[in-house]
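Participant: Quick one: structure below, then a few questions.
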Amino acid sequence: MSWRVDVRCTGSGGQGVALAAVVLAEAGLAGGFEVALTQEYGPEARGGASRADVVISDEEISNPQCGVPGILLALHDKAWRKFATGTPAVMASLASGATVAVVDRDRVVVDPATPGVLVLGFESVARDELRAKVVANMLAVGALGRLIARLDAELVETAVSTRSPGAFRELNVVAFRRGWAMMHDLLASPGAEEVSAGVAGARA
Amino acid sequence: MSERQLIQGNEACARAALAAGCTFFGGYPISPSSEIAELLARELPKRGGVFIQMEDELASMGAVLGASLGGRRAMTATSGPGFTLMQEHLGYASLAEIPCVVVDVMRGGPSTGLPTSPAQGDVMQARWGSHGDRATVAVAPGSVQEVYTLTIEAFRLAETLRTPVAVLYDEVIGHMREGVVLHEPTSEELGLRSGPRGPFSPDFLPYEPDEKGVARVPDFGRGYRFHVTGLMHDERGYPTSDHVKVERLLARLERKVDAAVDAVAPEAYRLEDAKIVLVAYGIVARTARAAVDALRAEGVPAGLLRTRLLWPIPADALADAIGRADLVVVAEMNRGQWAFEVERLAGRHVQLAPYLRAGGSIITAEELVDHVLLASTKGATV
């Protein structure tokens with residue numbers, strides 16, 4: 001049985017979703033998988049609702065496009081509105097349990113009745129604990145790394161390190177580890193496991 | 001180097017150019033090709049190469065041709081609007097037999113169009129964009145890895161055939177990142193220019209063809225005195241209006257590029273028993289391959305012919321693939337360009353149902369599956 005996960009990273013231009021996607025793709029590649037990363041290159045990448053898609057698979061990726069993602073990251077409300085609530089197929093997939101959304105509650109207003117959502121506070125942890133709001137994307141990388149089955153923590157950490165600008169390298173690695181732990185704890189909490197249990201490519 | 005690296009299509013193109021011995025880039029940056037210029041601007045000077053940003057694409061192409069005549073492996077990269085401005089000099093390069101590689105990362109057109117959205121709208125432009133019966137070569141990579149290998153191949157074809165070679169891919173492939181092995185090309189993969197038989201003499205013939213029909217033009221500055229012109233010329237390189245010589249020249253220029261057909265073979269996917277044949281190239285060939293798998297899973301005998309060469313058209317392979325088919329679906333991100341060529345070659349007995357879309361997004365596998373199922377049940381051209 002082939003294994004494939006489609007991850008869509010979304011946010012507002014400048015939040016670093018493109019770098020988050022690059023890190024995940026690089027970790028997948030280092031793990032021996034095939035990867036394809038596509039992203040929006042228009043004005044969205046500079047302030048609008050931005051998007052970067054990563055496909056990781058254990059076989060040749062015929063279709064590099066991420067259709068309805070298995071895992072959706074939303075770091076900003078306008079991205080959530082565009083790529084989740086504004087996209088009926090994604091809402092249906094969340095409802096059916098085929099998609100899990102990882103959402104930054106500090107930036108996104110989520111209707112508590114929305115199924116399939118895992119909520120974490122990336123920005124507040126980045127700001128209050130790590131004293132650097134800009135590393136919220138690396139917290140998200142940690143959380144997604146923990147959520148994607150078959151991604152190796154060490155390989156993701158190496159990718160975080162090699163892809164970070166020098167001044168942020170250490171802090172990004174700290175943020176990555178913190179994000180990994182946040183998702184780890186969340187998945188251990190009651191009810192959270194079922195949210196990702198049916199998602200292709202995700203680990204419960 | 002055998003390790004896979006996560007790089008972008010445009011970066012793979014620039015890396016391939018460096019690996020292929022390119023030492024000159026003249027260009028004008030334009031989305032979605034700019035990363036090629038960006039990387040070569042940084043890397044070429046370190047290696048004794050030249051990067052020059054010209055005032056526009058007309059001048060860029062002129063600089064490239066000058067560098068090539070001087071013996072450099074030379075290239076430029078652009079997108080549709082720039083490709084339009086390069087057509088004049090591309091015609092000159094074809095007739096004067098000046099090797100060069102022109103990368104066109106296709107975006108939505110016409111005019112300024114859709115600067116950062118994918119399209120495959122420059123296929124016919126690559127063939128007929130310059131006036132006259134210009135023979136041409138255009139390759140169409142379908143993955144980031146293939147951007148690397150086919151850019152190297154484009155340099156080999158350009159140099160050995162002494163002709164401009166276009167590398168056409170869309171915005172998505174240009175910006176997509178995949179794992180790529182950046183292998184060092186062998187000397188066969190690099191190829192060599194045809195050169196003069198001996199030292200300069202008064203009866204020296206720069207445009208005398210070699211056994212492959214390629215002119216023996218020496219590089220400038222090697223002690224040969226000769227003339228390069230955009231007028232029809234004889235083997236001495238001087239203008240002629242002798243219709244027999246002109247006819248012979250045009251036929252030779254057309255014939256010599258046929259070598260590309262054997263060099264860049266199409267890829268057959270699940271075609272052995274296919275009754276429904278999809279034909280695609282570039283990014284669409286990827287989703288078409290996924291569509292074939294989905295159709296096969298439903299018991300529909302579908303297959304894919306993925307062409308990696310757009311010009312000259314690989315007519316034999318195409319005829320072979322579609323000859324036994326009940327239904328042929330050319331899928332491309334334009335309003336019907338290569339589809340016309342396939343229609344021309346298909347003959348009347350084959351049912352054709354091209355799937356064409358040019359709005360700026362990729363044709364998805366799901367769309368193709370739906371289209372094929374509809375077209376095959378209707379039993380008539382959609």
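By convention in this document, the chains of the structure tokens carry letters A, B, ... by their order, each chain's residues are numbered from 1, and ligands are numbered from 1 in the order they are shown.
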List every residue of stretch 102-164 of chain B that DSSP, applied to the backbone of this structure, assigns to strand (DSSP E or B), and report them as a list of chain:residue names.
Facilitator: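 Here are the strand (DSSP E or B) residues of stretch 102-164 of chain B: B:Val102, B:Val103, B:Asp104, B:Val105, B:Met106, B:Arg107, B:Gly108, B:Leu114, B:Pro115, B:Thr116, B:Ser117, B:Pro118, B:Val137, B:Ala138, B:Val139, B:Pro164.
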Participant: If we count only C-alpha atoms, which residues of chain A reach to within 8 Å of chain B? Please list them as a PyMOL selection string.
Facilitator: chain A and resi 25-26+29+34-39+41-42+62-65
Participant: Using Å and a single decimal, report how far atom CA of B:Ala140 sits from atom CA of B:Val277.
Facilitator: 19.1 Å
Participant: As an MDAnalysis selection string, please: every residue in stretch 115-162 of chain A that DSSP puts in alpha helix (DSSP H).
Facilitator: chainID A and resid 122:124 136:147 153:162
Participant: Env of A:Ala52: 10 Å cut, atoms = only C-alpha atoms, seq-sep filter 2 positions within chain, self excluded. Answer as a PyMOL selection string.
Facilitator: chain A and resi 7-11+16-22+37-41+45+50+54+66+73
Participant: Take the residues from that selection and write them out as a PDB file, in the first residue's frame, keeping N, CA and C atoms.
Facilitator:
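Listing of part_14.pdb after writing:
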ATOM      1  N   VAL A   7       0.061  18.063   2.436  1.00  0.00           N
ATOM      2  CA  VAL A   7       0.044  19.067   3.503  1.00  0.00           C
ATOM      3  C   VAL A   7      -0.078  20.448   2.881  1.00  0.00           C
ATOM      4  N   ARG A   8      -1.059  21.205   3.313  1.00  0.00           N
ATOM      5  CA  ARG A   8      -1.181  22.582   2.834  1.00  0.00           C
ATOM      6  C   ARG A   8      -0.873  23.532   3.979  1.00  0.00           C
ATOM      7  N   CYS A   9       0.161  24.346   3.807  1.00  0.00           N
ATOM      8  CA  CYS A   9       0.553  25.321   4.824  1.00  0.00           C
ATOM      9  C   CYS A   9       0.034  26.691   4.381  1.00  0.00           C
ATOM     10  N   THR A  10      -0.773  27.320   5.229  1.00  0.00           N
ATOM     11  CA  THR A  10      -1.327  28.615   4.838  1.00  0.00           C
ATOM     12  C   THR A  10      -1.152  29.637   5.951  1.00  0.00           C
ATOM     13  N   GLY A  11      -1.138  30.873   5.536  1.00  0.00           N
ATOM     14  CA  GLY A  11      -0.995  31.961   6.495  1.00  0.00           C
ATOM     15  C   GLY A  11      -1.098  33.274   5.752  1.00  0.00           C
ATOM     16  N   GLY A  16       5.993  33.139   7.021  1.00  0.00           N
ATOM     17  CA  GLY A  16       6.969  32.061   6.863  1.00  0.00           C
ATOM     18  C   GLY A  16       6.375  30.695   6.556  1.00  0.00           C
ATOM     19  N   VAL A  17       5.196  30.669   5.940  1.00  0.00           N
ATOM     20  CA  VAL A  17       4.636  29.357   5.597  1.00  0.00           C
ATOM     21  C   VAL A  17       5.448  28.693   4.485  1.00  0.00           C
ATOM     22  N   ALA A  18       6.045  29.497   3.609  1.00  0.00           N
ATOM     23  CA  ALA A  18       6.846  28.911   2.534  1.00  0.00           C
ATOM     24  C   ALA A  18       8.065  28.196   3.120  1.00  0.00           C
ATOM     25  N   LEU A  19       8.705  28.839   4.090  1.00  0.00           N
ATOM     26  CA  LEU A  19       9.874  28.205   4.719  1.00  0.00           C
ATOM     27  C   LEU A  19       9.443  26.952   5.492  1.00  0.00           C
ATOM     28  N   ALA A  20       8.304  27.030   6.154  1.00  0.00           N
ATOM     29  CA  ALA A  20       7.795  25.856   6.874  1.00  0.00           C
ATOM     30  C   ALA A  20       7.627  24.682   5.907  1.00  0.00           C
ATOM     31  N   ALA A  21       7.081  24.978   4.744  1.00  0.00           N
ATOM     32  CA  ALA A  21       6.854  23.927   3.747  1.00  0.00           C
ATOM     33  C   ALA A  21       8.184  23.373   3.226  1.00  0.00           C
ATOM     34  N   VAL A  22       9.136  24.257   2.996  1.00  0.00           N
ATOM     35  CA  VAL A  22      10.460  23.824   2.513  1.00  0.00           C
ATOM     36  C   VAL A  22      11.100  22.868   3.522  1.00  0.00           C
ATOM     37  N   LEU A  37       6.880  20.283  -3.821  1.00  0.00           N
ATOM     38  CA  LEU A  37       6.448  21.479  -3.107  1.00  0.00           C
ATOM     39  C   LEU A  37       6.025  22.528  -4.125  1.00  0.00           C
ATOM     40  N   THR A  38       4.778  22.956  -4.026  1.00  0.00           N
ATOM     41  CA  THR A  38       4.319  24.029  -4.906  1.00  0.00           C
ATOM     42  C   THR A  38       3.782  25.146  -4.034  1.00  0.00           C
ATOM     43  N   GLN A  39       3.851  26.342  -4.538  1.00  0.00           N
ATOM     44  CA  GLN A  39       3.341  27.453  -3.743  1.00  0.00           C
ATOM     45  C   GLN A  39       2.817  28.561  -4.622  1.00  0.00           C
ATOM     46  N   GLU A  40       2.009  29.416  -4.010  1.00  0.00           N
ATOM     47  CA  GLU A  40       1.489  30.556  -4.750  1.00  0.00           C
ATOM     48  C   GLU A  40       2.573  31.607  -4.850  1.00  0.00           C
ATOM     49  N   TYR A  41       2.738  32.162  -6.032  1.00  0.00           N
ATOM     50  CA  TYR A  41       3.804  33.130  -6.256  1.00  0.00           C
ATOM     51  C   TYR A  41       3.302  34.532  -6.542  1.00  0.00           C
ATOM     52  N   ALA A  45       1.715  36.059  -1.817  1.00  0.00           N
ATOM     53  CA  ALA A  45       2.916  35.693  -1.065  1.00  0.00           C
ATOM     54  C   ALA A  45       3.521  36.905  -0.355  1.00  0.00           C
ATOM     55  N   SER A  50      -1.483  33.416   1.937  1.00  0.00           N
ATOM     56  CA  SER A  50      -0.472  32.675   1.177  1.00  0.00           C
ATOM     57  C   SER A  50      -0.587  31.181   1.435  1.00  0.00           C
ATOM     58  N   VAL A  54       2.886  20.793   0.275  1.00  0.00           N
ATOM     59  CA  VAL A  54       3.925  19.766   0.236  1.00  0.00           C
ATOM     60  C   VAL A  54       3.259  18.406   0.079  1.00  0.00           C
ATOM     61  N   CYS A  66      -1.608  19.281  -4.569  1.00  0.00           N
ATOM     62  CA  CYS A  66      -2.317  18.961  -3.356  1.00  0.00           C
ATOM     63  C   CYS A  66      -3.774  19.355  -3.619  1.00  0.00           C
ATOM     64  N   LEU A  73      -2.600  23.471   7.572  1.00  0.00           N
ATOM     65  CA  LEU A  73      -2.099  24.386   8.599  1.00  0.00           C
ATOM     66  C   LEU A  73      -2.638  25.779   8.309  1.00  0.00           C
TER      67      LEU A  73
END
Participant: Write out as an NGL selection string the residues lying within 12 Å of B:Ala215, counting only C-alpha atoms and excluding same-chain residues fewer than 3 positions away.
Facilitator: :B and (94-99 or 159-163 or 193-197 or 205-212 or 218-219 or 228 or 233-237 or 249 or 252-253 or 256)
Participant: Quick one: everything within 10 Å of B:Ala260, counting only C-alpha atoms, minus sequence neighbours fewer than 2 positions away in the same chain. Send it as a list in words.
Facilitator: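 The contact residues come out as Thr136, Val137, Ala138, Val139, Glu153, Ala154, Leu157, Ala158, Leu161, Lys256, Val257, Asp258, Asp262, Ala263, Val264, Ala265, Leu309, Trp311, Pro312, Ile313 and Pro314 of chain B.
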Participant: What's the 12 Å shell around A:Arg169, counting only C-alpha atoms, without same-chain residues fewer than 4 positions away, as a list in words?
Facilitator: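 The filter keeps Val135, Met138, Glu157, Thr158, Ala159, Val160, Ser161, Thr162, Arg163, Ser164, Pro165, Val173, Val174, Ala175 and Phe176 of chain A.
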Participant: Now that the selection is made, can you save its residues with N, CA and C atoms as a tab-separated table (two decimals), in the first residue's frame?
Facilitator:
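What landed in again_14.tsv:
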chain	number	residue	atom	x	y	z
A	135	VAL	N	9.12	33.19	15.16
A	135	VAL	CA	9.40	31.74	15.09
A	135	VAL	C	8.12	30.90	15.20
A	138	MET	N	8.07	28.01	12.94
A	138	MET	CA	8.87	26.83	13.28
A	138	MET	C	8.19	26.00	14.39
A	157	GLU	N	14.52	18.26	12.35
A	157	GLU	CA	15.34	19.23	13.08
A	157	GLU	C	16.56	19.65	12.24
A	158	THR	N	17.16	18.69	11.57
A	158	THR	CA	18.29	19.03	10.70
A	158	THR	C	17.85	19.98	9.59
A	159	ALA	N	16.67	19.70	9.03
A	159	ALA	CA	16.16	20.58	7.96
A	159	ALA	C	15.89	21.98	8.50
A	160	VAL	N	15.35	22.07	9.70
A	160	VAL	CA	15.11	23.37	10.33
A	160	VAL	C	16.43	24.12	10.43
A	161	SER	N	17.43	23.41	10.89
A	161	SER	CA	18.73	24.03	11.11
A	161	SER	C	19.37	24.50	9.80
A	162	THR	N	19.38	23.62	8.80
A	162	THR	CA	20.08	23.97	7.55
A	162	THR	C	19.33	25.04	6.76
A	163	ARG	N	18.03	25.11	6.92
A	163	ARG	CA	17.26	26.08	6.14
A	163	ARG	C	17.05	27.41	6.87
A	164	SER	N	17.55	27.50	8.11
A	164	SER	CA	17.35	28.75	8.86
A	164	SER	C	18.48	29.73	8.58
A	165	PRO	N	18.14	31.02	8.52
A	165	PRO	CA	19.22	32.01	8.46
A	165	PRO	C	20.03	31.96	9.74
A	173	VAL	N	15.43	26.03	16.06
A	173	VAL	CA	15.50	24.64	16.52
A	173	VAL	C	14.75	24.49	17.85
A	174	VAL	N	14.94	25.47	18.72
A	174	VAL	CA	14.20	25.46	20.00
A	174	VAL	C	12.70	25.49	19.73
A	175	ALA	N	12.30	26.37	18.83
A	175	ALA	CA	10.88	26.50	18.50
A	175	ALA	C	10.35	25.20	17.90
A	176	PHE	N	11.14	24.60	17.01
A	176	PHE	CA	10.73	23.33	16.41
A	176	PHE	C	10.46	22.27	17.50
Participant: List as a compact mmCIF listing (two decimals) with C-alpha atoms, in the first residue's frame the protein and nucleic acid residues near A:Asp104, meaning an atom at most 10 Å away when only C-alpha atoms are counted, but skip any in the same chain fewer than 5 places from it.
Facilitator:
# COMPACT_ATOMS: atom_id res chain seq x y z
CA GLY A 11 -1.00 31.96 6.49
CA LEU A 73 -2.10 24.39 8.60
CA ALA A 74 -3.67 27.79 9.14
CA LEU A 75 -1.59 30.51 10.77
CA HIS A 76 -3.86 33.42 9.89
CA ASP A 77 -7.55 34.11 9.85
CA TRP A 80 -8.44 30.04 7.25
CA VAL A 109 -11.10 32.54 14.78
CA VAL A 110 -12.45 29.01 14.57
CA LEU A 118 -6.52 20.77 16.35
CA VAL A 119 -5.96 24.10 18.01
CA LEU A 120 -2.61 25.32 19.34
CA GLY A 121 -1.29 28.72 20.35
CA PHE A 122 1.80 29.15 18.18
CA GLU A 123 2.04 32.89 18.25
CA SER A 124 1.53 33.30 22.00
CA ALA A 136 5.70 30.82 15.20
CA ASN A 137 6.20 29.12 11.82
CA ALA A 140 4.09 24.96 13.46
Participant: Pick out the closest residue to B:Gly336 from this set: B:Leu295, B:Ala375, B:Leu44, B:Met124. Count only C-alpha atoms.
Facilitator: B:Met124
Participant: Find the distance between atom CA of A:His184 and atom CA of A:Gly198 and write it in Å to one decimal.
Facilitator: 17.4 Å
